[in-house]
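One structure below.
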Amino acid sequence: PIQSDDLIHQISGTLRLDQNNNCTYDGGEPELPSWQLNVVGNGEDFSVWTDASGMYSLFVPEGSYTMTVKPINPNFDICSPPSQTIDFGAGPAQSAVADFVAHADVDCPLMYTSLTANNIRPCSTSVVHVRYRNGGTAIAENARVTVTLDPFLTFQGASISPLSINGQVLVFELGDVAPAGIVDWHDLSIQVGVDCGLQIGNFVCVSAAIEPDTTCFQAPQWNGAIVSVDGACDTDDNAVFKIRNIGNAPNSQLLDYVIVEDQIVLLQGQFQLNPGDSLVLTVPNNGQTLSCIADQEPGFPGDTLVTYSLTNCMGMLSGNPPAGGGSPGPFIDQACFDVSNSYDPNDKTASPIGIGDQHVIRPGSRLDYTIRFQNSGNDTAFIVVLRDTLSEDLDPGTLVLQGGSHPYSFALINGNILQFTFEGIMLPDSATNPAASQGYVQFGIRHRADLPPGTAIGNHAAIYFDYNPPVITETVWRTIDEFIILGAHNPGLNKEVPVEVYPNPLASSATILLPEGADFETYTFTLRDASGALVRTAEFQGKRYLFERNELPSGIYFWQIGAGTTSLAGGKLIVF
């Protein structure tokens, strides 16, 4: 690793946007803040970001370094030269300048939306913030956003009057939305009533789909297919998921999907869709949270997985939070929020919430962090600075800025410290104006690819109001672990057999009976708890296995029977 004492040479430069299509900088053309540059050299690979003036600066030791600008999205490209190499030899401190120019590669809009919410407390009013921006290169005409509220949230009003209301589905017209920088988001605030039946530890989910929802860009190794997933509860309280191809080309290969309940894979299969086609999957709902997770088309410049979750289909509150990470697809966002009571207004949260006390999420999941702050002092705050020192288990190269409540500038310090500066925010104190005294920022990031299962990722932030000592948030933890594959509808099982389990629920023991057609000599029985931890394993012969409870605590468990490397059957076991 690079040592601080070796950092004597400086590389700096400015990134600007070409506006007259000559791919050179002409005086007066704008700078581009919050763009990422990749740096490779001296055995290191890291990133820097441009500041509010489109400038960057870094110090490095002796060696050769190649600088490359990462376009903010596929609508943009980098003018020649797309990369520059700087060499520093031995000797006194030296400096070099590497300026870059970006240009619009295609002329079309590219809409983004992102969700956050104020504290969700039972029997109170809260605010859901629908953030949106046009990150493209042309005006998004007649834009609109469709918001689906959780069944336990009641619409009370919004900063824009809805075009239509159909149950929990609200449609808002946004008009023409001009292209904007990565930190320049619009805010649609929706006031909601929170159901009195909610309890601490429950959660509610909201989704937003924005239009126009078409793309006109291209990317290497991507054929134009785009996978998206959404869902709804039908009149029989079933969970109905729809996997769609919203792109302009067929899927190039068979892609995988899974439907997950509480870290357990209930259903898995494959799909390959033509443009405009969809695959509808209906799953009986027992009140638990169900998530559909599908592969994205290879090469798509975005998330490699798409995820959508359904909660409370039966009006129950027994489900665990979703375990999938990432959005349901481009142009769609879904967020789930904890129900809490009294709380510290300066906090950090992460989505997905994860399963169980360890907040288990699937490997490869994107973590979306929100840092919330409130001026609880006795005077106006003129500047707010958020500093987030990333865990070494997170990959700074995958960072995606997702907007905030107020305009801010961003800097990446020492390769792993995120700094968000709200200069001139003029944040009133909470006693004077409680609603206006609050703010937040959001970003997404992925964990490093080589983490072993069971890795716990912790992260917290420091919040500075003016020049006062920082407020330190509590640490947010997420644990990376695989889902458990069970279920009679699982095409991945090598050989399925119908198995009887009785009684179920059980008090002291249960009999597991295999059919006459089961022809293996020795079987393996395994039992896991709701968090996926292995609690019992045994081998047996013949068609009958007697499961003894012994000292097993009450709860929900998941059993599986296999023979050698072959999985045969699995299901749920309730102990009371």
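We label chains A, B, ... in the order they appear in the structure tokens, count residues from 1 in each chain, and number ligands from 1 in the order shown.
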Test item: residues at most 8 Å from Asp77 of chain A, only C-alpha atoms, excluding those fewer than 6 positions along its chain, as a PyMOL selection string: chain A and resi 71+102-105
Those of segment 112-160 of chain A in DSSP strand (DSSP E), formatted as a VMD selection string: chain A and resid 112 to 117 125 to 134 140 to 148 153 to 158
Between atom CA of Thr522 of chain A and atom CA of Ile574 of chain A, distance in Å (one decimal): 25.2 Å
Pick from A:Gly404, A:Pro515, A:Gly167, A:Gly439 nearest to Val499 of chain A, counting only C-alpha atoms: A:Pro515
Selected residue, from A:Thr66, A:Gln10, A:Asn166, A:Asn459, that lies nearest to Pro82 of chain A when counting only C-alpha atoms: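 Nearest to Pro82 of chain A: A:Thr66.
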Long-range neighbours of Asp99 of chain A as a ChimeraX atom specification, 8 Å cut-off, only C-alpha atoms, 4 positions minimum in chain: /A:12-15
Restrict the selected residues to N, CA and C atoms and save them as a PDB file, in the first residue's frame.
ATOM      1  N   SER A  12      -3.212  17.002 -10.711  1.00  0.00           N
ATOM      2  CA  SER A  12      -4.447  17.774 -10.594  1.00  0.00           C
ATOM      3  C   SER A  12      -5.002  18.037 -11.982  1.00  0.00           C
ATOM      4  N   GLY A  13      -6.240  18.466 -12.024  1.00  0.00           N
ATOM      5  CA  GLY A  13      -6.855  18.767 -13.315  1.00  0.00           C
ATOM      6  C   GLY A  13      -8.298  19.179 -13.150  1.00  0.00           C
ATOM      7  N   THR A  14      -8.931  19.465 -14.280  1.00  0.00           N
ATOM      8  CA  THR A  14     -10.324  19.900 -14.313  1.00  0.00           C
ATOM      9  C   THR A  14     -11.065  19.111 -15.382  1.00  0.00           C
ATOM     10  N   LEU A  15     -12.291  18.733 -15.078  1.00  0.00           N
ATOM     11  CA  LEU A  15     -13.162  18.040 -16.032  1.00  0.00           C
ATOM     12  C   LEU A  15     -14.258  19.001 -16.469  1.00  0.00           C
TER      13      LEU A  15
END
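Comparing the minimum interatomic distances between Val441 of chain A and each of A:Gly424, A:Gly403, A:Pro328, A:Gly224, counting only C-alpha atoms, we find that A:Gly403 sits nearest.
In this model, the gap between atom CA of Pro33 of chain A and atom CA of Ser53 of chain A comes to 6.0 Å.
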All residues 9 Å or closer to Gln334 of chain A, only C-alpha atoms, same chain fewer than 4 positions away omitted, as a ChimeraX atom specification: /A:114-115,205-209,307-309,326-328
Atom pair atom CA of Ile463 of chain A / atom CA of Ala435 of chain A: separation (Å): 18.6 Å
Polymer residues at most 6 Å from segment 145-161 of chain A, only C-alpha atoms, same-chain spacing of 3 or more positions, as a ChimeraX atom specification: /A:168-172,188-195,204-210
With C-alpha atoms retained, write the just-selected residues as a compact mmCIF listing (two decimals), in the first residue's frame.
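Everything below was put into again06.txt:
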# COMPACT_ATOMS: atom_id res chain seq x y z
CA GLN A 168 -52.38 2.90 -2.72
CA VAL A 169 -51.17 3.88 -6.21
CA LEU A 170 -50.55 7.60 -6.82
CA VAL A 171 -49.60 9.15 -10.17
CA PHE A 172 -47.91 12.57 -10.28
CA LEU A 188 -41.67 15.38 -4.33
CA SER A 189 -42.78 15.28 -0.69
CA ILE A 190 -45.73 13.03 0.21
CA GLN A 191 -47.39 13.29 3.62
CA VAL A 192 -48.62 9.94 4.90
CA GLY A 193 -50.53 8.78 7.95
CA VAL A 194 -48.90 5.85 9.71
CA ASP A 195 -51.27 3.07 10.84
CA VAL A 204 -43.24 -0.53 5.52
CA CYS A 205 -42.23 -0.42 1.85
CA VAL A 206 -42.77 2.19 -0.87
CA SER A 207 -41.94 2.03 -4.58
CA ALA A 208 -41.65 4.68 -7.30
CA ALA A 209 -41.55 4.22 -11.09
CA ILE A 210 -40.59 7.21 -13.23
Proximity to Leu198 of chain A - best of A:Glu297, A:Leu568, A:Asn341, A:Thr137, only C-alpha atoms: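 For Leu198 of chain A, the nearest of the given residues is A:Asn341.
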List the spatial neighbours of Glu516 of chain A as an mmCIF file with N, CA and C atoms, in the first residue's frame - criterion: any atom at most 12 Å away, only C-alpha atoms, same-chain residues fewer than 5 positions off excluded.
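To be explicit, this is the file written out as selection.cif:
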data_model
loop_
_atom_site.group_PDB
_atom_site.id
_atom_site.type_symbol
_atom_site.label_atom_id
_atom_site.label_comp_id
_atom_site.auth_asym_id
_atom_site.auth_seq_id
_atom_site.Cartn_x
_atom_site.Cartn_y
_atom_site.Cartn_z
ATOM 1 N N VAL A 497 -38.879 -35.460 -4.191
ATOM 2 C CA VAL A 497 -39.743 -36.529 -3.724
ATOM 3 C C VAL A 497 -40.761 -35.917 -2.776
ATOM 4 N N PRO A 498 -42.006 -36.372 -2.804
ATOM 5 C CA PRO A 498 -43.003 -35.871 -1.853
ATOM 6 C C PRO A 498 -42.726 -36.443 -0.470
ATOM 7 N N VAL A 499 -42.703 -35.581 0.528
ATOM 8 C CA VAL A 499 -42.363 -35.980 1.892
ATOM 9 C C VAL A 499 -43.479 -35.528 2.827
ATOM 10 N N GLU A 500 -43.890 -36.397 3.736
ATOM 11 C CA GLU A 500 -44.882 -36.049 4.754
ATOM 12 C C GLU A 500 -44.176 -35.734 6.067
ATOM 13 N N GLY A 542 -33.767 -46.009 5.539
ATOM 14 C CA GLY A 542 -35.171 -46.361 5.455
ATOM 15 C C GLY A 542 -36.011 -45.154 5.078
ATOM 16 N N LYS A 543 -37.348 -45.353 5.130
ATOM 17 C CA LYS A 543 -38.281 -44.317 4.663
ATOM 18 C C LYS A 543 -38.809 -43.430 5.790
ATOM 19 N N ARG A 544 -38.432 -43.705 7.027
ATOM 20 C CA ARG A 544 -39.023 -42.983 8.150
ATOM 21 C C ARG A 544 -37.919 -42.426 9.053
#
